[in-house]
>>> print(open('input-v2.cif').read())   # mmCIF, C-alpha atoms
data_input
loop_
_atom_site.label_atom_id
_atom_site.label_comp_id
_atom_site.auth_asym_id
_atom_site.auth_seq_id
_atom_site.Cartn_x
_atom_site.Cartn_y
_atom_site.Cartn_z
CA MET A 108 97.28 0.29 106.39
CA GLU A 109 94.06 -0.47 108.26
CA ASP A 110 93.14 3.22 107.96
CA ASN A 111 93.80 3.06 104.24
CA LYS A 112 91.46 0.08 103.93
CA ALA A 113 88.75 1.77 106.00
CA ILE A 114 88.86 4.91 103.84
CA LYS A 115 88.67 2.82 100.69
CA GLU A 116 85.69 0.88 102.01
CA PHE A 117 83.91 4.11 102.95
CA ILE A 118 84.45 5.58 99.49
CA GLN A 119 83.33 2.34 97.81
CA SER A 120 80.17 2.04 99.85
CA GLU A 121 79.14 5.68 100.30
CA LEU A 122 80.48 7.70 97.38
CA ILE A 123 80.39 5.42 94.35
CA LYS A 124 77.03 4.48 92.88
CA ASP A 125 78.38 2.31 90.04
CA LYS A 126 79.24 -1.15 91.41
CA SER A 127 81.79 -1.98 88.70
CA ILE A 128 83.74 1.23 89.40
CA SER A 129 83.49 0.56 93.12
CA ALA A 130 84.82 -2.99 92.79
CA ASN A 131 87.84 -1.91 90.71
CA LEU A 132 88.81 1.12 92.82
CA LYS A 133 92.53 1.37 93.54
CA VAL A 134 94.21 3.48 96.22
CA THR A 135 96.06 5.37 93.48
CA ASP A 136 92.96 6.24 91.40
CA ASN A 137 92.32 9.96 90.98
CA LEU A 138 89.17 10.66 92.99
CA ILE A 139 88.77 14.24 91.76
CA GLU A 140 89.19 13.88 88.00
CA THR A 141 86.98 10.79 87.94
CA GLY A 142 84.25 12.68 89.79
CA ILE A 143 84.17 10.12 92.60
CA ILE A 144 84.39 12.92 95.18
CA ASP A 145 81.84 15.51 94.13
CA SER A 146 80.58 18.48 96.11
CA LEU A 147 78.23 16.35 98.21
CA GLY A 148 80.74 13.52 98.48
CA ILE A 149 83.38 15.75 100.03
CA GLN A 150 80.93 16.71 102.79
CA LYS A 151 80.25 13.04 103.57
CA LEU A 152 83.95 12.19 103.41
CA LEU A 153 84.96 15.04 105.74
CA ALA A 154 82.30 14.06 108.27
CA TYR A 155 83.51 10.46 108.14
CA LEU A 156 87.21 11.33 108.47
CA GLU A 157 86.64 13.79 111.32
CA THR A 158 84.49 11.33 113.27
CA THR A 159 86.46 8.16 112.60
CA PHE A 160 89.97 9.54 112.96
CA SER A 161 89.26 12.29 115.53
CA VAL A 162 90.77 15.08 113.45
CA GLN A 163 89.58 18.56 112.56
CA ILE A 164 89.99 19.44 108.88
CA ALA A 165 90.21 23.16 108.14
CA ASP A 166 88.86 24.71 104.95
CA ASP A 167 92.35 25.60 103.74
CA GLU A 168 93.29 21.91 103.88
CA LEU A 169 90.73 21.22 101.15
CA ILE A 170 93.27 21.11 98.35
CA PRO A 171 93.84 18.56 95.59
CA ASP A 172 97.11 17.32 97.14
CA ASN A 173 95.25 16.07 100.22
CA PHE A 174 92.31 14.40 98.49
CA GLN A 175 93.48 13.33 95.03
CA THR A 176 93.76 9.62 95.88
CA ILE A 177 93.02 7.30 98.80
CA GLU A 178 96.75 7.15 99.38
CA ALA A 179 96.91 10.96 99.56
CA ILE A 180 94.04 11.07 102.06
CA PHE A 181 95.81 8.47 104.17
CA LEU A 182 99.10 10.42 104.14
CA PHE A 183 97.26 13.66 104.91
CA LEU A 184 95.59 12.06 107.95
CA LYS A 185 98.89 10.54 109.06
CA GLY A 186 100.47 14.01 108.94
CA LYS A 187 97.61 15.50 110.93
CA LYS A 188 97.83 12.82 113.60
CA ARG A 189 101.58 13.44 113.87
CA GLU A 190 100.90 17.15 114.40
CA GLY A 191 98.76 16.09 117.31
CA MET B 289 59.78 47.47 96.07
CA ILE B 290 56.77 45.20 96.69
CA ASN B 291 58.23 42.64 94.26
CA LEU B 292 61.47 42.68 96.20
CA LEU B 293 59.64 42.19 99.50
CA ILE B 294 57.60 39.28 98.13
CA MET B 295 60.79 37.70 96.77
CA ARG B 296 62.58 38.00 100.12
CA VAL B 297 59.67 36.65 102.15
CA THR B 298 59.26 33.69 99.76
CA GLN B 299 62.99 33.05 99.85
CA ILE B 300 63.07 33.05 103.66
CA TYR B 301 59.99 30.83 103.88
CA GLU B 302 61.42 28.26 101.44
CA PHE B 303 64.85 28.36 103.03
CA ILE B 304 63.45 27.67 106.50
CA ARG B 305 61.16 24.93 105.19
CA SER B 306 64.09 23.20 103.53
CA ASN B 307 66.96 23.88 105.98
CA GLY B 308 65.33 24.74 109.31
CA TRP B 309 65.38 27.78 111.58
CA SER B 310 68.90 27.23 112.93
CA SER B 311 70.40 27.32 109.41
CA PHE B 312 68.46 30.48 108.68
CA LEU B 313 69.73 32.16 111.86
CA ARG B 314 73.29 31.13 110.98
CA GLU B 315 72.85 32.99 107.67
CA ILE B 316 71.79 36.27 109.25
CA ILE B 317 73.81 36.33 112.48
CA TYR B 318 77.49 35.43 112.45
CA ILE B 319 80.85 36.60 113.69
CA ASN B 320 84.19 36.38 111.94
CA ARG B 321 82.87 34.34 109.01
CA LYS B 322 85.49 33.86 106.33
CA ALA B 323 84.70 34.84 102.75
CA ILE B 324 87.11 34.00 99.93
CA LEU B 325 87.35 36.14 96.81
CA ALA B 326 88.54 34.21 93.77
CA GLU B 327 89.11 34.85 90.10
CA LYS B 328 89.19 32.72 86.98
CA ASN B 329 91.12 33.55 83.85
CA LEU B 330 88.46 32.71 81.26
CA ARG B 331 91.05 31.94 78.59
CA GLU B 332 91.91 28.82 80.63
CA VAL B 333 88.35 27.48 80.48
CA ASN B 334 87.54 24.62 78.11
CA ASP B 335 84.19 23.31 76.96
CA ASN B 336 82.85 20.38 78.98
CA ARG B 337 79.18 20.47 78.02
CA ASP B 338 79.42 16.81 76.92
CA PHE B 339 78.95 15.86 80.54
CA LEU B 340 75.68 17.75 80.78
CA GLN B 341 74.43 16.43 77.44
CA ARG B 342 75.17 12.86 78.51
CA SER B 343 72.91 13.44 81.51
CA ASN B 344 70.19 14.70 79.14
CA ILE B 345 70.55 18.22 80.48
CA ARG B 346 70.37 21.43 78.43
CA PHE B 347 72.56 24.42 79.14
CA LEU B 348 70.85 27.71 78.32
CA GLU B 349 71.20 31.43 78.68
CA ILE B 350 68.46 33.05 80.72
CA THR B 351 66.73 35.91 78.94
CA PRO B 352 63.46 37.72 79.66
CA GLY B 353 61.84 35.34 77.12
CA THR B 354 63.02 32.19 78.93
CA PHE B 355 59.92 32.07 81.13
CA ASP B 356 57.36 33.09 78.49
CA GLY B 357 54.50 30.63 78.11
CA ASN B 358 55.92 28.36 80.82
CA SER B 359 58.72 27.23 78.49
CA TYR B 360 60.91 26.74 81.56
CA GLN B 361 59.84 26.42 85.17
CA TYR B 362 61.57 26.62 88.52
CA HIS B 363 60.92 24.05 91.22
CA LEU B 364 61.15 26.78 93.87
CA LYS B 365 59.02 29.90 93.63
CA SER B 366 61.74 32.01 95.27
CA ARG B 367 64.22 31.13 92.49
CA ASN B 368 61.69 32.17 89.88
CA LEU B 369 61.10 35.50 91.63
CA LYS B 370 64.84 35.95 92.02
CA ALA B 371 65.42 35.30 88.33
CA LEU B 372 62.84 37.93 87.37
CA HIS B 373 64.39 40.36 89.87
CA TYR B 374 67.91 39.77 88.51
CA LEU B 375 66.76 40.25 84.92
CA ARG B 376 65.08 43.55 85.89
CA LYS B 377 68.39 44.63 87.47
CA GLY B 378 70.20 43.98 84.19
CA TYR B 379 72.15 40.90 85.33
CA GLY B 380 72.89 37.99 83.04
CA GLY B 381 72.20 34.36 83.84
CA TYR B 382 72.62 30.76 82.74
CA ALA B 383 70.60 27.72 83.62
CA ILE B 384 70.58 23.96 83.24
CA ALA B 385 67.31 22.24 82.54
CA ARG B 386 65.89 18.79 82.01
CA GLY B 387 62.77 19.03 79.88
CA ASN B 388 61.24 22.33 80.95
CA ASN B 389 62.36 22.03 84.58
CA ILE B 390 65.22 24.29 85.59
CA LEU B 391 67.69 22.33 87.71
CA GLY B 392 70.04 25.16 88.51
CA ASP B 393 71.04 28.69 87.68
CA VAL B 394 73.98 31.06 88.04
CA TRP B 395 74.12 34.83 87.61
CA TYR B 396 76.65 37.43 86.57
CA VAL B 397 77.17 41.15 86.33
CA ALA B 398 79.04 42.58 83.36
CA SER B 399 79.53 45.92 81.73
CA ASN B 400 77.17 46.65 78.87
CA LYS B 401 78.35 47.93 75.49
CA SER B 402 78.53 51.52 76.72
CA GLY B 403 80.75 50.43 79.62
CA HIS B 404 78.08 50.89 82.30
CA VAL B 405 78.20 48.32 85.11
CA PRO B 406 74.88 47.40 86.74
CA ASP B 407 75.13 48.01 90.46
CA HIS B 408 75.73 44.97 92.64
CA PRO B 409 76.39 45.26 96.38
CA ASP B 410 78.98 42.44 96.45
CA ILE B 411 81.30 44.38 94.16
CA HIS B 412 81.63 47.07 96.83
CA TRP B 413 82.17 44.98 99.95
CA LEU B 414 84.47 42.53 98.18
CA GLY B 415 86.56 45.43 96.91
CA ILE B 416 86.62 44.25 93.29
CA LYS B 417 88.48 46.62 91.00
CA TRP B 418 86.27 46.66 87.95
CA VAL B 419 87.65 46.42 84.44
CA LYS B 420 85.43 46.50 81.34
CA ASP B 421 86.03 42.91 80.22
CA TYR B 422 85.56 41.34 83.66
CA VAL B 423 82.44 39.72 85.06
CA TYR B 424 81.30 39.09 88.61
CA CYS B 425 79.47 35.76 89.10
CA PHE B 426 77.15 35.05 91.99
CA ASP B 427 74.33 32.95 93.38
CA ILE B 428 74.94 29.56 91.79
CA PHE B 429 72.12 27.22 92.73
CA ILE B 430 71.29 23.56 92.10
CA VAL B 431 67.91 22.15 93.13
CA PRO B 432 68.26 19.89 96.21
CA ASP B 433 67.14 16.73 94.35
CA GLU B 434 70.02 17.07 91.86
CA ARG B 435 72.79 17.71 94.37
CA GLY B 436 75.30 14.87 94.46
CA ASN B 437 74.88 14.20 90.73
CA ASN B 438 78.09 15.98 89.78
CA LEU B 439 76.30 18.85 88.03
CA ALA B 440 77.52 21.96 89.84
CA ALA B 441 81.14 21.91 88.66
CA PRO B 442 80.45 21.29 84.93
CA PHE B 443 77.61 23.82 85.11
CA GLN B 444 79.87 26.51 86.60
CA ASN B 445 82.51 25.66 84.01
CA SER B 446 80.00 25.81 81.14
CA ALA B 447 78.85 29.24 82.27
CA MET B 448 82.47 30.43 82.34
CA TYR B 449 83.06 28.97 78.88
CA SER B 450 80.03 30.81 77.56
CA LEU B 451 81.26 34.08 79.11
CA ARG B 452 84.64 33.48 77.52
CA ASN B 453 82.89 33.12 74.15
CA LYS B 454 81.19 36.47 74.74
CA GLY B 455 84.66 38.00 74.95
CA TYR B 456 85.09 38.40 78.71
CA LEU B 457 88.57 37.87 80.06
CA LYS B 458 88.20 37.28 83.76
CA ALA B 459 85.51 36.26 86.23
CA TYR B 460 85.30 37.01 89.94
CA ALA B 461 83.25 35.19 92.55
CA TYR B 462 83.24 34.71 96.29
CA TYR B 463 82.28 31.84 98.53
CA TRP B 464 82.15 31.22 102.25
CA ALA B 465 84.97 29.07 103.60
CA ASP B 466 82.42 27.06 105.60
CA ASN B 467 80.47 26.21 102.45
CA ILE B 468 82.35 22.98 101.73
CA PRO B 469 80.61 22.18 98.38
CA ALA B 470 81.38 25.69 97.09
CA VAL B 471 85.04 25.44 98.16
CA TRP B 472 85.32 22.02 96.55
CA ILE B 473 83.78 23.03 93.23
CA THR B 474 85.48 26.38 92.85
CA ARG B 475 88.89 25.78 94.35
CA VAL B 476 89.53 22.07 93.78
CA ILE B 477 87.59 21.06 90.67
CA ASN B 478 87.42 24.24 88.59
CA LYS B 479 90.71 25.60 89.96
CA TRP B 480 89.86 29.26 90.57
CA LYS B 481 92.69 31.37 91.91
CA GLU B 482 92.02 32.69 95.41
CA LEU B 483 92.89 36.33 95.87
CA LYS B 484 92.05 37.27 99.43
CA THR B 485 89.96 36.43 102.45
CA LEU B 486 87.61 38.77 104.23
CA ARG B 487 86.33 38.38 107.78
CA VAL B 488 82.70 39.31 108.01
CA ASN B 489 80.40 40.00 110.96
CA ARG B 490 76.68 40.18 110.41
CA PHE B 491 73.74 40.91 112.65
CA LEU B 492 70.47 40.85 110.70
CA PHE B 493 70.77 43.65 108.13
CA PHE B 494 74.06 45.05 109.44
CA LYS B 495 77.25 43.77 107.90
CA ASN B 496 80.78 44.65 108.92
CA ILE B 497 83.90 43.64 107.00
CA ARG B 498 86.56 43.41 109.66
CA GLU B 499 89.75 42.77 107.76
CA SER B 500 91.17 41.52 104.56
CA GLU B 501 94.37 39.66 103.91
CA ILE B 502 96.10 38.54 100.78
CA LYS B 503 96.37 34.79 100.65
CA SER B 504 98.75 32.53 98.86
CA ILE B 505 97.36 30.62 95.91
CA TYR B 506 96.13 27.12 96.65
CA THR B 507 96.23 25.65 93.21
#
>>> encode(input="input-v2.cif", output="structure tokens")
Amino acid sequence: MEDNKAIKEFIQSELIKDKSISANLKVTDNLIETGIIDSLGIQKLLAYLETTFSVQIADDELIPDNFQTIEAIFLFLKGKKREG
Amino acid sequence: MINLLIMRVTQIYEFIRSNGWSSFLREIIYINRKAILAEKNLREVNDNRDFLQRSNIRFLEITPGTFDGNSYQYHLKSRNLKALHYLRKGYGGYAIARGNNILGDVWYVASNKSGHVPDHPDIHWLGIKWVKDYVYCFDIFIVPDERGNNLAAPFQNSAMYSLRNKGYLKAYAYYWADNIPAVWITRVINKWKELKTLRVNRFLFFKNIRESEIKSIYT
């Protein structure tokens, strides 16, 4: 759950410019359809996830299922950590 | 020939100035780089130009008259030279602009009315099987200052919608797997269907396509 919170805080502080959207962000909000993760945002997010959680994310893991929501990102990372 | 040389030199100079020498070397010398060929069924594309209009941005088709009398200007000289080069080659293009400043462009190759396809080197090395109502899209560009403003995806989509309205059925494009923004826009946001990957080696002007494999569809 701490990871979940850290990811949310990163997205709120680094990817969302609008403070009202940032304040109301939920872990189930769709980050792709709302445009929160855009083409530059995904680069920042990947760099953050790889550094903070010591994982390597391959290009074929860049699919909507893994990045749709904060919850999905958390589950994706959990799966990667389990893989070792 | 001289125009082409001037364009290339300007392009290299501006690329190095903006991205540095190491990025430039990575573009001309690489081993086993993964390219992804994708297609979009244009009948699936819907209009989303509202987004651009809300940002006070105009979507326009590039024609030889677009640059007459400085009606529209590029921020980078190399993009202007490229646009003129592409128009001379018979390619089509779209742009987004704020005021008279062009913020981005994208190009395509299509058959003309007589069925003739302008030559484009990518069509050969990507192994695209050409059909009259298909288009090949390439070289989408957004000026650095506008990156991160959510423009690339709606711009690509608007171009596809416009091609659909011209009667084209399918578009092809390729992107490098290590180009994260391109993967994100094309695969995740605009949901292009990936057809195959190609492994490419390049040393300066020499390019070698090592293998190709059919991939499963991501989306």
>>> resolve_selection(input="input-v2.cif", expression="the PyMOL selection byres ((chain B and resi 291) around 12)", output="list in words")
Met289, Ile290, Leu292, Leu293, Ile294, Met295, Arg296, Val297, Thr298, Ser366, Asn368, Leu369, Lys370, Ala371, Leu372, His373, Tyr374 and Arg376 of chain B
>>> residues_near_point(input="input-v2.cif", point="(79.0, 42.5, 112.7)", cutoff="12 Å", atoms="only C-alpha atoms", output="list in words")
Ile316, Ile317, Tyr318, Ile319, Asn320, Arg321, Arg487, Val488, Asn489, Arg490, Phe491, Leu492, Phe493, Phe494, Lys495, Asn496, Ile497, Arg498 and Glu499 of chain B
>>> closest_residue(input="input-v2.cif", among="A:Ser161, A:Pro171, A:Glu140, A:Leu147", to="Lys185 in chain A", atoms="only C-alpha atoms")
A:Ser161
>>> interface_residues(input="input-v2.cif", of="chain B", to="chain A", cutoff="12 Å", atoms="all atoms listed in the file", output="PyMOL selection string")
chain B and resi 322-324+339+430+432-442+463-480+482+485+503-507
>>> residues_around(input="input-v2.cif", residues="range 402-417 of chain B", least_positions_apart="5", cutoff="10 Å", atoms="all atoms listed in the file", output="list in words")
Ala323, Ile324, Leu325, Lys377, Gly378, Tyr379, Tyr396, Val397, Tyr422, Val423, Tyr424, Cys425, Phe426, Tyr460, Ala461, Tyr462, Lys484, Thr485, Leu486, Val488, Lys495, Asn496, Ile497 and Ser500 of chain B
>>> axis_aligned_box(input="input-v2.cif", around="range 176-181 of chain A", padding_each_side="6 Å", output="lines of an AutoDock Vina configuration file")
center_x = 95.0
center_y = 9.1
center_z = 100.0
size_x = 15.9
size_y = 15.9
size_z = 20.3
>>> closest_residue(input="input-v2.cif", among="B:Leu364, B:Ala326, B:Ala383, B:Leu457", to="Phe303 in chain B", atoms="all atoms listed in the file")
B:Leu364
>>> residues_around(input="input-v2.cif", residues="range 123-136 of chain A", least_positions_apart="4", cutoff="6 Å", atoms="only C-alpha atoms", output="PyMOL selection string")
chain A and resi 119+176-178
>>> write_last_selection(input="input-v2.cif", atoms="C-alpha atoms", output="compact mmCIF listing (two decimals), keeping the file's coordinate frame")
# COMPACT_ATOMS: atom_id res chain seq x y z
CA GLN A 119 83.33 2.34 97.81
CA THR A 176 93.76 9.62 95.88
CA ILE A 177 93.02 7.30 98.80
CA GLU A 178 96.75 7.15 99.38
>>> atom_distance(input="input-v2.cif", atom1="CA of Asn344 in chain B", atom2="CA of Ile384 in chain B")
10.1 Å
>>> residues_around(input="input-v2.cif", residues="Phe117 in chain A", least_positions_apart="3", cutoff="10 Å", atoms="only C-alpha atoms", output="count of residues only")
11
>>> atom_distance(input="input-v2.cif", atom1="CA of Gly381 in chain B", atom2="CA of Glu315 in chain B")
23.9 Å
>>> atom_distance(input="input-v2.cif", atom1="CA of Ala459 in chain B", atom2="CA of Leu375 in chain B")
19.2 Å
>>> closest_residue(input="input-v2.cif", among="B:Lys365, B:Asn336, B:Tyr382, B:Ser399", to="Asp427 in chain B", atoms="all atoms listed in the file")
B:Tyr382
>>> build_atoms(input="input-v2.cif", residues="range 121-137 of chain A", atoms="N, CA and C atoms", output="CSV table (one decimal), keeping the file's coordinate frame")
chain,number,residue,atom,x,y,z
A,121,GLU,N,79.9,4.5,100.1
A,121,GLU,CA,79.1,5.7,100.3
A,121,GLU,C,79.2,6.7,99.1
A,122,LEU,N,80.3,6.7,98.4
A,122,LEU,CA,80.5,7.7,97.4
A,122,LEU,C,80.3,7.2,95.9
A,123,ILE,N,80.5,5.9,95.7
A,123,ILE,CA,80.4,5.4,94.4
A,123,ILE,C,79.1,4.7,94.1
A,124,LYS,N,78.3,5.1,93.1
A,124,LYS,CA,77.0,4.5,92.9
A,124,LYS,C,77.2,3.3,92.0
A,125,ASP,N,78.2,3.4,91.0
A,125,ASP,CA,78.4,2.3,90.0
A,125,ASP,C,79.2,1.2,90.7
A,126,LYS,N,78.6,0.0,90.7
A,126,LYS,CA,79.2,-1.2,91.4
A,126,LYS,C,80.5,-1.6,90.7
A,127,SER,N,80.6,-1.5,89.4
A,127,SER,CA,81.8,-2.0,88.7
A,127,SER,C,83.0,-1.0,89.0
A,128,ILE,N,82.7,0.3,89.1
A,128,ILE,CA,83.7,1.2,89.4
A,128,ILE,C,84.2,1.0,90.8
A,129,SER,N,83.2,0.8,91.7
A,129,SER,CA,83.5,0.6,93.1
A,129,SER,C,84.4,-0.7,93.3
A,130,ALA,N,84.1,-1.7,92.6
A,130,ALA,CA,84.8,-3.0,92.8
A,130,ALA,C,86.3,-2.9,92.3
A,131,ASN,N,86.5,-2.0,91.3
A,131,ASN,CA,87.8,-1.9,90.7
A,131,ASN,C,88.6,-0.7,91.3
A,132,LEU,N,88.1,-0.1,92.3
A,132,LEU,CA,88.8,1.1,92.8
A,132,LEU,C,90.2,0.8,93.4
A,133,LYS,N,91.2,1.6,93.0
A,133,LYS,CA,92.5,1.4,93.5
A,133,LYS,C,92.9,2.6,94.4
A,134,VAL,N,93.8,2.4,95.3
A,134,VAL,CA,94.2,3.5,96.2
A,134,VAL,C,94.9,4.6,95.5
A,135,THR,N,95.4,4.3,94.3
A,135,THR,CA,96.1,5.4,93.5
A,135,THR,C,95.2,6.0,92.4
A,136,ASP,N,93.9,5.6,92.4
A,136,ASP,CA,93.0,6.2,91.4
A,136,ASP,C,92.7,7.7,91.8
A,137,ASN,N,92.6,8.5,90.7
A,137,ASN,CA,92.3,10.0,91.0
A,137,ASN,C,90.8,10.2,91.3
